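Visitor: So that we are looking at the same thing, I have put the structure below in structure tokens.
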Amino acid sequence: MIATPLTQLVPILQLSIGPVILISGVGLLLLTLTNRFGRMLDRARLIKREMAEAPGEAETAMLQAQIDILVNRARILRLSITLGSISVLLSGVLMLVLFLSALLKWEDGLLIIVIFSLAVLSLIGSILAFIRDMNLSLTAVWLEIGRDR
């Protein structure tokens, strides 16, 4: 086994702070996204029950439009959650590569840059999908408010 002096590990630990912070922040985003996903699924089930009791075709069509939006939102939230999870996964891989690089005395900054860039790009994609979900949720609310007028 190759022994690495503690003085060489301290800078590696300092370098791994960025990915750790990224994991923490994305973890909170994932918590928000999964809560939204669960609430959206509950809402879809409720609307489906309302459709069975709907008095007319106009009411049923409006409820179906809301379900269509919810299905679209489910796909977008799934994408956002997947991209956020990939970001966390890549951050973990980045920390592993940092430590293995120090242990094996392997100097490849390009690999580290690529992994970190992919993690951040994945996070950006997750946030963009989250913004799209927010806009779709407003569309569903506007349909429901229009129904109550």
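Every chain in the structure tokens takes a letter, A first, then B, and so on in the order presented; its residues are numbered from 1, and the ligands are numbered from 1 following the presented order.
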May I have the residues within 9 Å of Thr139 of chain A as JSON, numbers by chain, using only C-alpha atoms and disregarding those fewer than 5 positions away in the same chain?

Guide: {"A": [66, 69, 134, 144]}

Visitor: Identify, on the basis of only C-alpha atoms, every residue whose closest approach to Leu90 of chain A does not exceed 12 Å; exclude the query and any residue fewer than 2 positions from it along the same chain; express the result as a VMD selection string.

Guide: chain A and resid 19 to 20 22 to 23 26 83 to 88 92 to 97 111 to 123

Visitor: Skipping near chain neighbours, those fewer than 6 positions away, what residues fall within 10 Å of Glu50 of chain A using only C-alpha atoms, listed as a list in words?

Guide: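 With the cut-off at 10 Å, the set is Ala44, Glu59, Thr60 and Leu63 of chain A.
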
Visitor: What does the file look like for those residues with C-alpha atoms, as a short mmCIF file (atom, residue, chain, number, x, y, z; two decimals), in the first residue's frame?

Guide:
```
data_model
loop_
_atom_site.label_atom_id
_atom_site.label_comp_id
_atom_site.auth_asym_id
_atom_site.auth_seq_id
_atom_site.Cartn_x
_atom_site.Cartn_y
_atom_site.Cartn_z
CA ALA A 44 -53.17 14.24 -10.27
CA GLU A 59 -65.85 20.20 -16.59
CA THR A 60 -64.28 16.90 -17.65
CA LEU A 63 -59.90 18.53 -15.58
#
```

Visitor: Tell me which of A:Leu30, A:Ile127, A:Val141, A:Met40 sits closest to Arg75 of chain A, counting only C-alpha atoms.

Guide: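 Residue with the minimum atom-to-atom distance to Arg75 of chain A: A:Met40.
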
Visitor: Measure the distance from atom CA of Leu79 of chain A to atom CA of Ile21 of chain A in Å and round it to one decimal.

Guide: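 Computed distance, atom CA of Leu79 of chain A to atom CA of Ile21 of chain A, equals 22.1 Å.
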
Visitor: Given only C-alpha atoms as the basis, pick out the residue of A:Ala102, A:Leu31, A:Leu136, A:Leu110 nearest to Asn72 of chain A.

Guide: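 Between A:Ala102, A:Leu31, A:Leu136, A:Leu110, the residue approaching Asn72 of chain A most closely is A:Leu136.
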
Visitor: Considering only C-alpha atoms, return as an NGL selection string whatever protein or nucleic-acid residues lie within 10 Å of Gln64 of chain A, sequence-local ones (same chain, fewer than 6 positions apart) excluded.

Guide: :A and (44 or 47-48 or 51 or 58 or 70)

Visitor: Kindly give the distance, in Å, that separates atom CA of Leu89 of chain A and atom CA of Ala129 of chain A, rounded to a single decimal.

Guide: 18.4 Å

Visitor: Please list as a list of chain:residue names every residue within 7 Å of Phe37 of chain A, counting only C-alpha atoms and excluding residues in the same chain fewer than 4 positions away.

Guide: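 Within the cut-off, the hits are A:Leu33, A:Leu41, A:Ala74, A:Leu77.
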
Visitor: Which is closest to Asp42 of chain A among A:Trp142, A:Phe130, A:Gly125, A:Ile67, if we use only C-alpha atoms?

Guide: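 Using only C-alpha atoms, the shortest distance to Asp42 of chain A belongs to A:Ile67.
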